[in-house]
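Colleague: Supplied in structure tokens, the structure appears directly below.
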Amino acid sequence: MSRLDIKGLLREAGFKPERIADTSFGKPTPLPYAVYIHGSSSPFSADNAILIQTHNITVEIYTDMRRDQELIGSVSEVFKRHGIIFETAEDYIETEKTYRVSFYFEEMI
């Protein structure tokens, strides 16, 4: 089973290691920062055998600027360079006065 080095990809995009967390930081962290979450996995099977298994990953970028184009563009370019096909969504978290851009993709394992 292989796993993408999400932390390494985010460092390549310009994030400092202390601004990247797997699941959560557990304490307040200055913006901008990134959190990645390994989600569910889905097998594709035939003839009573698993042929392919995918693993869902979400990478969330938090910033205080509306669509920080340089940062989001950098993450997008790194993912594209590594052949990662992704979808994005953007929202504003009113209680935290923070913008979030989420990248959703699957990894074959």
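Within each chain, counting starts at residue 1; across the structure tokens, chains are named A, B, ... in the order shown, with ligands numbered 1 upward in that order.
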Neighbours of range 79-91 of chain A within 12 Å (only C-alpha atoms; same-chain residues fewer than 3 positions away dropped), as a PyMOL selection string?

Modeller: chain A and resi 4-6+8-13+56-68+72-76+94+96-108

Colleague: As an MDAnalysis selection string, list the residues of chain A assigned to strand (DSSP E) by DSSP on the backbone atoms of this structure.

Modeller: chainID A and resid 20:22 33:46 49:63 87:93 98:108

Colleague: Would you mind listing what lies within 8 Å of range 17-26 of chain A as a PyMOL selection string, with only C-alpha atoms counted and same-chain residues fewer than 6 positions away left out?

Modeller: chain A and resi 7+10-11+32-38

Colleague: Residues of range 18-102 of chain A classed as alpha helix (DSSP H) by DSSP on the backbone are to be reported as a ChimeraX atom specification.

Modeller: /A:69-81
